[in-house]
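Shown next: model-v7.txt, given as compact mmCIF, C-alpha atoms.
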# COMPACT_ATOMS: atom_id res chain seq x y z
CA MET A 1 -21.88 -1.48 -7.67
CA ALA A 2 -20.31 1.91 -8.24
CA GLY A 3 -21.99 3.47 -5.26
CA GLN A 4 -20.81 0.99 -2.69
CA THR A 5 -17.66 2.69 -1.49
CA ASP A 6 -15.89 5.78 -2.66
CA HIS A 7 -12.34 4.92 -3.57
CA SER A 8 -11.42 8.30 -4.92
CA LEU A 9 -10.12 9.37 -1.55
CA SER A 10 -7.64 6.58 -1.18
CA ILE A 11 -6.19 7.04 -4.59
CA PHE A 12 -2.81 8.63 -4.98
CA SER A 13 -2.23 10.46 -8.21
CA ALA A 14 0.94 9.57 -10.09
CA ALA A 15 2.32 12.94 -9.08
CA GLU A 16 1.69 12.13 -5.43
CA VAL A 17 3.45 8.78 -5.75
CA GLU A 18 6.39 10.60 -7.28
CA PHE A 19 6.27 13.12 -4.45
CA ILE A 20 6.68 10.33 -1.92
CA ALA A 21 9.49 8.80 -3.97
CA GLU A 22 11.34 12.11 -4.08
CA ASP A 23 12.22 11.74 -0.42
CA GLU A 24 14.35 8.67 -1.12
CA MET A 25 18.03 9.31 -0.51
CA ILE A 26 20.54 9.29 -3.34
CA GLU A 27 24.24 10.02 -3.68
CA ILE A 28 25.46 13.09 -5.51
CA VAL A 29 28.85 14.59 -6.29
CA PRO A 30 28.68 18.38 -6.02
CA ASN A 31 30.83 20.58 -8.22
CA ILE A 32 30.36 23.64 -6.03
CA ARG A 33 31.09 24.64 -2.50
CA MET A 34 28.00 25.44 -0.46
CA ASP A 35 27.16 25.76 3.22
CA ALA A 36 25.10 23.15 4.97
CA LEU A 37 21.36 23.29 4.37
CA ASN A 38 19.20 23.13 7.47
CA LEU A 39 15.89 22.02 6.08
CA LEU A 40 12.68 20.84 7.67
CA CYS A 41 13.31 17.38 6.28
CA GLY A 42 16.84 17.18 7.64
CA ASP A 43 20.30 18.72 7.53
CA PHE A 44 22.46 18.22 4.44
CA GLY A 45 25.94 19.27 3.46
CA PRO A 46 28.14 21.19 3.68
CA PHE A 47 28.79 20.64 0.00
CA VAL A 48 32.41 20.32 -1.12
CA PRO A 49 33.44 19.85 -4.76
CA GLN A 50 34.14 16.21 -5.69
CA ILE A 51 33.16 14.91 -2.26
CA PRO A 52 30.07 12.65 -2.55
CA CYS A 53 27.19 13.15 -0.17
CA THR A 54 23.68 11.82 0.29
CA VAL A 55 20.61 13.96 -0.20
CA PRO A 56 16.90 13.43 -0.95
CA LEU A 57 16.08 12.81 -4.60
CA TRP A 58 14.16 16.10 -5.04
CA LEU A 59 17.18 18.02 -3.81
CA ALA A 60 19.51 16.06 -6.07
CA VAL A 61 17.34 16.78 -9.12
CA ALA A 62 17.10 20.47 -8.21
CA LEU A 63 20.88 20.76 -7.90
CA LYS A 64 21.42 18.78 -11.08
CA LYS A 65 19.05 21.05 -13.01
CA ARG A 66 21.11 24.02 -11.87
CA GLY A 67 24.28 22.32 -12.97
CA LYS A 68 25.61 22.13 -9.44
CA CYS A 69 26.20 18.39 -9.16
CA SER A 70 26.25 15.06 -10.87
CA ILE A 71 24.11 12.19 -9.62
CA ARG A 72 25.65 8.83 -8.88
CA THR A 73 23.48 6.13 -10.44
CA PRO A 74 22.30 3.68 -7.76
CA ASP A 75 23.79 0.17 -7.92
CA TRP A 76 20.52 -1.50 -8.84
CA MET A 77 20.32 0.65 -11.99
CA SER A 78 23.38 -0.84 -13.65
CA VAL A 79 22.94 -2.76 -16.89
CA GLU A 80 24.31 -5.87 -15.20
CA LYS A 81 21.91 -5.86 -12.27
CA LEU A 82 18.91 -4.93 -14.39
CA THR A 83 19.64 -7.73 -16.87
CA GLN A 84 19.75 -10.18 -13.97
CA VAL A 85 16.44 -8.90 -12.67
CA LEU A 86 14.80 -9.08 -16.09
CA GLU A 87 15.89 -12.67 -16.60
CA ALA A 88 14.70 -13.66 -13.15
CA GLU A 89 11.35 -11.94 -13.77
CA ARG A 90 10.88 -13.87 -16.99
CA GLU A 91 11.77 -17.14 -15.33
CA SER A 92 9.40 -16.92 -12.38
CA PRO A 93 5.82 -16.42 -13.56
CA ARG A 94 4.36 -15.91 -10.10
CA GLU A 95 7.00 -14.10 -8.13
CA PHE A 96 8.26 -10.58 -8.30
CA GLN A 97 11.97 -9.88 -8.01
CA PRO A 98 13.10 -7.59 -5.23
CA LEU A 99 13.51 -4.07 -6.53
CA PRO A 100 13.52 -0.76 -4.69
CA PHE A 101 9.97 0.16 -3.77
CA HIS A 102 10.19 3.33 -5.82
CA TYR A 103 12.24 1.95 -8.70
CA VAL A 104 9.82 3.28 -11.33
CA GLU A 105 9.79 6.84 -10.03
CA ILE A 106 13.50 6.97 -9.26
CA SER A 107 14.50 5.66 -12.67
CA ARG A 108 12.05 8.02 -14.40
CA LEU A 109 13.45 11.05 -12.60
CA LEU A 110 17.06 10.07 -13.25
CA LEU A 111 16.46 9.24 -16.91
CA ASP A 112 14.68 12.55 -17.40
CA HIS A 113 17.10 14.82 -15.58
CA ALA A 114 20.44 13.04 -15.26
CA HIS A 115 20.76 10.88 -18.35
CA ASP A 116 24.32 12.07 -18.87
CA ASP A 117 25.28 10.60 -15.50
CA ILE A 118 23.96 7.12 -16.31
CA PRO A 119 26.35 4.69 -18.01
CA GLU A 120 24.79 2.97 -21.06
CA VAL A 121 21.64 4.98 -20.60
CA TYR A 122 19.79 3.59 -23.64
CA MET A 123 20.31 0.02 -22.46
CA VAL A 124 19.17 0.98 -18.96
CA ARG A 125 16.04 2.67 -20.28
CA SER A 126 15.12 -0.28 -22.41
CA LEU A 127 15.76 -2.82 -19.64
CA ILE A 128 13.60 -0.95 -17.19
CA GLU A 129 10.77 -0.74 -19.69
CA ASP A 130 10.96 -4.48 -20.27
CA ILE A 131 11.00 -5.17 -16.54
CA ARG A 132 7.95 -2.98 -16.03
CA ASN A 133 6.09 -4.78 -18.80
CA VAL A 134 6.89 -8.26 -17.55
CA ARG A 135 5.93 -7.36 -14.00
CA PHE A 136 2.70 -5.72 -14.95
CA HIS A 137 1.74 -8.66 -17.07
CA LYS A 138 2.23 -10.82 -13.97
CA VAL A 139 0.00 -8.51 -11.97
CA GLU A 140 -2.73 -8.79 -14.60
CA SER A 141 -2.55 -12.59 -14.62
CA GLY A 142 -2.61 -12.57 -10.85
CA LEU A 143 -5.80 -10.54 -10.87
CA GLU A 144 -7.52 -13.27 -12.84
CA THR A 145 -6.98 -15.72 -10.02
CA ILE A 146 -8.88 -13.68 -7.45
CA SER A 147 -12.06 -15.49 -6.52
CA GLY A 148 -14.69 -15.50 -3.85
CA ARG A 149 -12.38 -17.44 -1.59
CA THR A 150 -9.83 -14.63 -1.59
CA HIS A 151 -9.86 -12.76 1.68
CA ALA A 152 -6.32 -11.47 1.58
CA VAL A 153 -3.74 -11.01 -1.12
CA LYS A 154 0.00 -11.08 -0.73
CA LEU A 155 2.00 -9.09 -3.27
CA LYS A 156 5.59 -9.50 -2.22
CA ASN A 157 8.04 -7.09 -3.84
CA LEU A 158 5.48 -5.08 -5.75
CA SER A 159 6.56 -1.49 -6.23
CA ALA A 160 4.81 1.75 -5.35
CA MET A 161 3.75 2.74 -8.86
CA GLU A 162 2.54 -0.77 -9.62
CA VAL A 163 0.50 -0.79 -6.42
CA ASN A 164 -1.02 2.52 -7.37
CA LEU A 165 -2.05 1.24 -10.80
CA VAL A 166 -3.92 -1.79 -9.49
CA ARG A 167 -5.24 -0.28 -6.32
CA PRO A 168 -8.65 0.90 -7.54
CA PHE A 169 -9.50 -2.26 -9.39
CA MET A 170 -8.15 -4.71 -6.87
CA ALA A 171 -9.76 -3.02 -3.90
CA ARG A 172 -13.13 -2.96 -5.60
CA VAL A 173 -12.91 -6.56 -6.74
CA LEU A 174 -11.93 -7.87 -3.33
CA GLN A 175 -14.63 -5.84 -1.72
CA ALA A 176 -17.29 -7.06 -4.12
CA PHE A 177 -16.29 -10.65 -3.50
CA TYR A 178 -16.22 -10.14 0.22
CA LYS A 179 -19.64 -8.56 0.26
CA HIS A 180 -21.26 -11.19 -1.86
CA ASP A 181 -19.59 -13.96 -0.01
CA SER A 182 -20.80 -12.89 3.42
CA PRO A 183 -23.23 -15.17 5.27
CA GLU A 184 -26.06 -12.60 5.44
CA MET A 185 -26.11 -12.44 1.65
CA VAL A 186 -26.28 -16.20 1.33
CA GLN A 187 -29.25 -16.38 3.67
CA GLN A 188 -31.27 -14.09 1.46
CA ALA A 189 -30.99 -16.47 -1.47
CA ASP A 190 -34.65 -17.36 -1.14
CA THR A 191 -35.76 -13.74 -1.50
CA SER A 192 -36.28 -13.18 -5.19
CA ALA A 193 -35.29 -9.50 -4.89
CA SER A 194 -31.62 -10.25 -4.41
CA LYS A 195 -31.52 -12.25 -7.62
CA ARG A 196 -32.66 -9.44 -9.86
CA PRO A 197 -29.52 -8.13 -11.59
CA GLN A 198 -30.63 -4.53 -11.77
CA VAL A 199 -31.25 -4.19 -8.07
CA VAL A 200 -28.17 -2.99 -6.24
CA ASP A 201 -28.34 -4.78 -2.94
CA ARG A 202 -26.89 -2.46 -0.34
CA GLY A 203 -27.55 -4.50 2.73
CA PRO A 204 -30.24 -6.25 4.69
CA ARG A 205 -33.63 -5.26 3.40
CA ARG A 206 -35.35 -2.53 5.27
CA ASP A 207 -39.07 -2.68 5.72
CA LEU A 208 -40.71 0.37 4.33
CA ARG A 209 -44.06 1.15 5.82
CA PRO A 210 -46.84 -0.44 3.79
CA ARG A 211 -49.29 2.02 2.32
CA MET B 1 8.43 10.18 23.99
CA GLU B 2 6.14 9.94 20.99
CA TRP B 3 5.87 6.67 19.08
CA TRP B 4 7.70 8.08 16.11
CA GLU B 5 10.72 8.92 18.19
CA ASP B 6 11.16 5.40 19.39
CA GLU B 7 11.76 3.55 16.18
CA GLY B 8 14.25 0.94 17.26
CA LEU B 9 17.33 2.15 15.42
CA GLY B 10 17.44 5.28 17.53
CA LEU B 11 17.16 7.42 14.42
CA LYS B 12 14.90 10.32 15.19
CA LYS B 13 12.33 10.84 12.52
CA THR B 14 11.77 14.37 11.33
CA ASP B 15 8.33 15.81 11.79
CA VAL B 16 8.07 16.08 8.02
CA GLU B 17 8.56 12.35 7.75
CA ALA B 18 6.02 11.70 10.47
CA MET B 19 3.58 14.02 8.68
CA ARG B 20 4.12 12.17 5.44
CA GLU B 21 3.27 8.90 7.12
CA ALA B 22 0.22 10.38 8.80
CA TRP B 23 -0.90 11.67 5.39
CA ARG B 24 -0.50 8.26 3.77
CA ARG B 25 -2.35 6.60 6.60
CA GLU B 26 -5.18 9.05 6.41
CA LYS B 27 -5.45 8.63 2.65
CA ALA B 28 -5.65 4.89 2.82
CA ALA B 29 -7.96 4.53 5.82
CA PRO B 30 -11.72 4.62 5.19
CA GLU B 31 -12.43 6.14 8.59
CA MET B 32 -11.19 9.34 10.20
CA LEU B 33 -8.06 8.60 12.19
CA GLU B 34 -7.09 10.39 15.36
CA PHE B 35 -6.13 13.98 14.57
CA GLU B 36 -2.38 14.45 14.88
CA GLU B 37 -2.68 17.56 16.99
CA GLU B 38 0.86 17.61 18.41
CA LEU B 39 2.48 16.83 15.09
CA VAL B 40 0.54 19.49 13.20
CA ARG B 41 1.30 22.09 15.84
CA ARG B 42 5.02 21.32 15.85
CA LEU B 43 5.24 21.24 12.08
CA ARG B 44 3.52 24.61 11.79
CA GLU B 45 5.96 26.08 14.30
CA GLN B 46 8.94 24.72 12.41
CA MET B 47 7.55 26.00 9.14
CA GLN B 48 7.03 29.45 10.60
CA LEU B 49 10.61 29.49 11.90
CA GLN B 50 11.91 28.39 8.55
CA GLU B 51 9.90 31.07 6.76
CA ASP B 52 11.34 33.71 9.07
CA THR B 53 14.87 32.42 8.44
CA ILE B 54 14.34 32.55 4.70
CA MET B 55 12.97 36.07 4.81
CA ALA B 56 15.95 37.19 6.87
CA MET B 57 18.35 35.66 4.36
CA GLU B 58 16.54 37.27 1.47
CA GLY B 59 16.76 40.57 3.29
CA ASP B 60 20.54 40.30 3.56
CA GLY B 61 20.42 39.94 -0.20
CA ASP B 62 23.85 38.96 -1.44
CA GLY B 63 22.13 38.06 -4.66
CA ASP B 64 24.99 35.79 -5.59
CA ASP B 65 24.35 32.51 -7.27
CA LEU B 66 24.96 30.24 -4.29
CA THR B 67 22.79 32.17 -1.90
CA THR B 68 20.00 32.19 -4.47
CA THR B 69 20.29 28.45 -4.93
CA SER B 70 20.31 27.87 -1.22
CA LEU B 71 17.23 30.03 -0.80
CA GLN B 72 15.43 28.29 -3.63
CA LEU B 73 16.12 24.92 -2.07
CA GLN B 74 14.83 26.08 1.27
CA HIS B 75 11.69 27.34 -0.44
CA MET B 76 11.22 23.98 -2.11
CA ASP B 77 11.61 22.19 1.18
CA LEU B 78 9.07 24.49 2.78
CA ASP B 79 6.66 24.02 -0.12
CA ARG B 80 6.89 20.27 0.21
CA ALA B 81 6.07 20.41 3.90
CA LEU B 82 3.24 22.84 3.23
CA PHE B 83 1.78 20.52 0.62
CA LEU B 84 1.74 17.65 3.10
CA LEU B 85 0.05 19.71 5.73
CA LYS B 86 -2.57 21.17 3.42
CA SER B 87 -3.30 17.86 1.79
CA TYR B 88 -3.68 16.19 5.19
CA LEU B 89 -6.14 18.79 6.44
CA ARG B 90 -8.13 18.88 3.19
CA LEU B 91 -8.26 15.14 3.00
CA ARG B 92 -9.71 14.96 6.48
CA LEU B 93 -12.34 17.53 5.67
CA THR B 94 -13.38 15.62 2.55
CA LYS B 95 -13.67 12.41 4.53
CA LEU B 96 -15.59 14.20 7.22
CA GLN B 97 -18.13 15.53 4.76
CA LYS B 98 -18.95 12.06 3.60
CA HIS B 99 -20.12 11.01 7.03
CA LEU B 100 -21.18 14.20 8.75
CA TYR B 101 -23.95 12.78 10.88
CA PHE B 102 -21.81 9.89 12.07
CA TYR B 103 -18.96 12.06 13.27
CA ALA B 104 -21.25 14.68 14.72
CA SER B 105 -22.93 12.13 16.90
CA LEU B 106 -19.78 10.47 18.24
CA PRO B 107 -19.20 11.14 21.95
CA HIS B 108 -16.59 13.80 22.49
CA SER B 109 -14.09 11.52 24.20
CA SER B 110 -13.90 9.06 21.34
CA SER B 111 -14.00 11.60 18.55
CA PRO B 112 -11.00 11.64 16.21
CA LEU B 113 -11.76 15.23 15.20
CA SER B 114 -9.88 18.37 16.08
CA PRO B 115 -11.90 21.18 17.69
CA GLN B 116 -11.98 23.09 14.39
CA GLU B 117 -13.11 20.01 12.51
CA LEU B 118 -15.88 19.40 15.00
CA LEU B 119 -17.07 22.96 14.57
CA PHE B 120 -16.96 22.58 10.80
CA CYS B 121 -18.88 19.32 11.07
CA HIS B 122 -21.71 20.83 13.05
CA ARG B 123 -21.97 23.88 10.85
CA CYS B 124 -21.94 21.80 7.69
CA LEU B 125 -24.60 19.51 9.07
CA HIS B 126 -26.72 22.41 10.11
CA ALA B 127 -26.43 24.02 6.67
CA THR B 128 -27.22 20.75 4.92
CA SER B 129 -30.26 20.08 7.10
CA ARG B 130 -31.57 23.56 6.59
CA HIS B 131 -31.17 23.27 2.84
CA LEU B 132 -32.86 19.90 2.68
CA HIS B 133 -35.66 21.11 4.85
CA HIS B 134 -36.30 24.24 2.82
CA SER B 135 -35.99 22.63 -0.57
CA LEU B 136 -37.70 19.33 0.02
CA LEU B 137 -38.68 18.11 3.42
CA SER B 138 -41.02 20.91 4.28
CA LEU B 139 -42.96 20.07 1.12
CA LEU B 140 -43.55 16.48 2.21
CA PRO B 141 -46.42 15.41 4.45
CA SER B 142 -45.56 16.07 8.09
CA HIS B 143 -44.94 12.43 8.95
CA TYR B 144 -42.02 12.25 6.54
CA GLN B 145 -40.12 15.38 7.40
CA SER B 146 -37.34 13.95 9.50
CA LEU B 147 -33.80 13.76 8.19
CA SER B 148 -32.98 10.68 10.17
CA ARG B 149 -36.13 8.62 9.95
CA GLN B 150 -38.18 7.55 7.00
CA SER B 151 -41.36 8.41 8.82
CA THR B 152 -42.52 9.15 12.32
CA SER B 153 -43.53 5.56 12.70
CA SER B 154 -39.98 4.23 12.24
CA ASP B 155 -38.54 2.96 15.46
CA HIS B 156 -34.95 3.87 14.73
CA ASP B 157 -32.86 6.17 12.55
CA ASP B 158 -33.32 4.10 9.45
CA MET B 159 -32.28 6.79 6.98
CA LEU B 160 -28.82 6.92 8.50
CA HIS B 161 -27.63 3.34 8.39
CA SER B 162 -25.41 4.10 5.44
CA HIS B 163 -23.77 7.03 7.17
CA SER B 164 -21.04 5.25 9.01
CA PRO B 165 -17.77 4.75 7.17
CA HIS B 166 -17.32 1.49 5.28
CA LEU B 167 -14.67 -0.26 7.30
CA ASP B 168 -14.71 -3.23 4.98
CA THR B 169 -12.64 -1.44 2.37
CA PHE B 170 -9.58 -3.35 1.29
CA VAL B 171 -6.30 -1.56 1.81
CA PHE B 172 -2.70 -2.14 0.80
CA CYS B 173 -0.39 -2.48 3.75
CA LYS B 174 3.03 -3.56 4.98
CA PRO B 175 3.77 -4.82 8.49
CA THR B 176 6.48 -2.94 10.33
CA THR B 177 7.36 -5.97 12.43
CA ASP B 178 6.74 -9.68 12.15
CA VAL B 179 3.18 -10.07 13.29
CA GLY B 180 3.03 -13.78 12.61
CA ALA B 181 -0.21 -15.68 12.32
CA PHE B 182 -3.02 -13.18 12.31
CA GLN B 183 -6.71 -13.89 12.42
CA LEU B 184 -8.60 -11.95 9.80
CA ASP B 185 -12.10 -12.22 11.12
CA ASP B 186 -14.30 -13.59 13.83
CA THR B 187 -15.03 -16.90 12.22
CA GLY B 188 -11.42 -17.92 12.72
CA ASP B 189 -11.20 -19.44 9.26
CA ASP B 190 -8.78 -16.99 7.82
CA ILE B 191 -5.36 -16.87 9.28
CA VAL B 192 -2.69 -14.96 7.45
CA ASP B 193 0.98 -15.00 8.26
CA LEU B 194 2.07 -11.39 8.30
CA VAL B 195 5.76 -11.06 7.57
CA VAL B 196 7.59 -7.78 8.01
CA ASP B 197 7.91 -5.67 4.83
CA ASP B 198 5.80 -7.96 2.65
CA LEU B 199 2.95 -6.26 0.88
CA TYR B 200 -0.61 -7.38 1.61
CA VAL B 201 -4.08 -6.37 0.56
CA LEU B 202 -6.39 -6.83 3.53
CA ARG B 203 -9.74 -5.74 4.83
CA TYR B 204 -9.31 -2.57 6.85
CA ASN B 205 -11.59 -3.82 9.60
CA SER B 206 -9.35 -6.80 10.28
CA ILE B 207 -6.20 -4.75 10.76
CA ARG B 208 -7.65 -1.69 12.43
CA ALA B 209 -5.98 -2.40 15.77
CA LEU B 210 -2.63 -3.05 14.10
CA VAL B 211 -2.85 0.27 12.28
CA GLN B 212 -3.54 2.10 15.52
CA SER B 213 -0.60 0.48 17.26
CA ARG B 214 1.56 1.28 14.23
CA ARG B 215 2.47 -2.35 13.70
CA ILE B 216 1.36 -2.07 10.10
CA HIS B 217 1.88 0.70 7.52
CA LEU B 218 -0.84 1.65 5.07
CA ILE B 219 0.51 2.14 1.57
Encoding of this model in structure tokens:
Amino acid sequence: MAGQTDHSLSIFSAAEVEFIAEDEMIEIVPNIRMDALNLLCGDFGPFVPQIPCTVPLWLAVALKKRGKCSIRTPDWMSVEKLTQVLEAERESPREFQPLPFHYVEISRLLLDHAHDDIPEVYMVRSLIEDIRNVRFHKVESGLETISGRTHAVKLKNLSAMEVNLVRPFMARVLQAFYKHDSPEMVQQADTSASKRPQVVDRGPRRDLRPR
Amino acid sequence: MEWWEDEGLGLKKTDVEAMREAWRREKAAPEMLEFEEELVRRLREQMQLQEDTIMAMEGDGDGDDLTTTSLQLQHMDLDRALFLLKSYLRLRLTKLQKHLYFYASLPHSSSPLSPQELLFCHRCLHATSRHLHHSLLSLLPSHYQSLSRQSTSSDHDDMLHSHSPHLDTFVFCKPTTDVGAFQLDDTGDDIVDLVVDDLYVLRYNSIRALVQSRRIHLI
């Protein structure tokens, strides 16, 4: 089964998922005065002390690390909102609550580099961990329901990091089911070769020249 | 006007953003997608310009804290764009090497490869064939020396049937617009309602046309 398709190419590393997330926009409050930045990914600034502005997350973290700004915690990362989300997640065993697509990466970066800008940071950290656990548990249970009849899966509101974690397994499982469910496979049921477990059936049998 | 400049809201996408999406698409798709010649060329030009600007600023050398910070940020931005570009090109080459014979034998008009990739493909194939011939094939009886056929009595290229990309891979995707009821395969049994921004896991083959017309994003 391992040789069927190579999934290594389509796999994003966690670092790559974070890289994509770092382009999300976030609000900062600079404490310095700096000219506008004309970057390849857009124009930002000029930066004026105490005047909030919106920049990509990687830029915000870079400025924060250099002590040049504070980061305004996004609304969804408040204790109030997160508690609501957690409760809703626990109450609905099959649905995922809407959260920003990159909520895992964004919260990780902010907790690591801007924890002094987050109100009630310990509560926030713990809530997010709980949310991640509940959601992932749902994903795992969902995986158990995949069967031969599954030709498409809908995963509404799943986030980027969660997608990345299940991607290899889910893709392989769906593919295996699809392959073994296809009509050509069923027709070969009378050939004893396709029943032998150790034979990896890669497709319609090819006649090799008889000796 | 390119498709990425006409995104409804009238917000012009930066080339970096377009490159990021092309990279994601290429990563997720099992086959080689059309080479983004224009995009790559423009991005390289912009990167060169930016590099020149940075070098000029460094030359002026105020050395003060703000200028340093500004320069560092510009470097970071450039590095990010460079990573996307490099990763995109490398990814394509890796994909290409998995199915060399297939892409080498595609007619020129329908080939998704850039001229450099095509050259690479032929050279790689040539080197591989030579190696296989020297190390193994020339030692086999003459009837069995072909790379593409099991023996001279085969009536078609039966050694190469596994060389085309597996389009049946399942991919994660999100529609960019409401596609509505969508037929997944020829038998007409499977109809899926594709709603904008919902996440689906579908067979690549079914949604190939949607990917090409950019009506669905690969995640």
Separation of CA of Arg90 (chain A) and CA of Thr145 (chain A), in Å?
19.3 Å
I'd like the contact shell of Asp77 (chain B) - 9 Å cut-off, all atoms listed in the file, skipping same-chain residues fewer than 2 positions apart - returned as a PDB file with C-alpha atoms, in the coordinates of the input.
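Output (out.pdb):
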ATOM      1  CA  LEU A  39      15.890  22.020   6.080  1.00  0.00           C
ATOM      2  CA  LEU A  40      12.680  20.840   7.670  1.00  0.00           C
ATOM      3  CA  CYS A  41      13.310  17.380   6.280  1.00  0.00           C
ATOM      4  CA  LEU A  59      17.180  18.020  -3.810  1.00  0.00           C
TER       5      LEU A  59
ATOM      6  CA  GLN B  72      15.430  28.290  -3.630  1.00  0.00           C
ATOM      7  CA  LEU B  73      16.120  24.920  -2.070  1.00  0.00           C
ATOM      8  CA  GLN B  74      14.830  26.080   1.270  1.00  0.00           C
ATOM      9  CA  HIS B  75      11.690  27.340  -0.440  1.00  0.00           C
ATOM     10  CA  ASP B  79       6.660  24.020  -0.120  1.00  0.00           C
ATOM     11  CA  ARG B  80       6.890  20.270   0.210  1.00  0.00           C
ATOM     12  CA  ALA B  81       6.070  20.410   3.900  1.00  0.00           C
ATOM     13  CA  LEU B  82       3.240  22.840   3.230  1.00  0.00           C
TER      14      LEU B  82
END
Residue list for chain A near chain B as a PyMOL selection string, 6 Å, all atoms listed in the file:
chain A and resi 10+41+152-156+171
The residues within 10 Å of (-22.0, 11.0, 9.6), using only C-alpha atoms and the coordinates of the file, should be reported as a VMD selection string; which are they?
chain B and resid 95 to 106 121 125 160 to 165
Please list as a PyMOL selection string every residue within 12 Å of region 128-132 of chain B, counting only C-alpha atoms and excluding residues in the same chain fewer than 3 positions away.
chain B and resi 97+100-101+120-125+135-140+145-148
Among listed residues A:Ser159, A:Asn38, A:Asn164, A:Ser126, nearest His102 (chain A) (using only C-alpha atoms):
A:Ser159
Here is a test: counting only C-alpha atoms, which residue of A:Val61, A:Ile106, A:Ile131, A:Ala114 is nearest to Thr83 (chain A)?
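Result for the nearest residue to Thr83 (chain A): A:Ile131.
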Work out how far apart CA of Ala36 (chain A) and CA of Leu109 (chain A) are and give it in Å to one decimal.
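Between CA of Ala36 (chain A) and CA of Leu109 (chain A) the gap is 24.3 Å.
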Please provide as a PyMOL selection string all residues within 8 Å of Ile26 (chain A), with the sequence filter that same-chain residues fewer than 2 positions apart are discarded (counting only C-alpha atoms).
chain A and resi 24+28+54-57+60+71-72+74
Here is a test: counting all atoms listed in the file, which residue of B:Ala209, B:Glu51, B:Glu31, B:Lys86 is nearest to Met19 (chain B)?
B:Lys86
Rounded to one decimal in Å, what is the spacing between CA of Met32 (chain B) and CA of Pro175 (chain B)?
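It comes out at 20.7 Å.
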Got a sec: who's within 12 Å of Asp65 (chain B), counting all atoms listed in the file, leaving out chain neighbours fewer than 6 positions off, as a count of residues only?
8
Who sits within 9 Å of Ala21 (chain A), only C-alpha atoms, same chain under 2 positions skipped, as a PyMOL selection string
chain A and resi 16-19+23-24+57-58+101-103+105-106+160
Build an axis-aligned box that encloses every atom of region 19-23 of chain B listed in the file, pad it by 8 Å on each side, and report its centre and edge lengths in Å to one decimal, as AutoDock Vina command-line options.
--center_x 1.6 --center_y 11.5 --center_z 7.1 --size_x 21.0 --size_y 21.1 --size_z 19.4
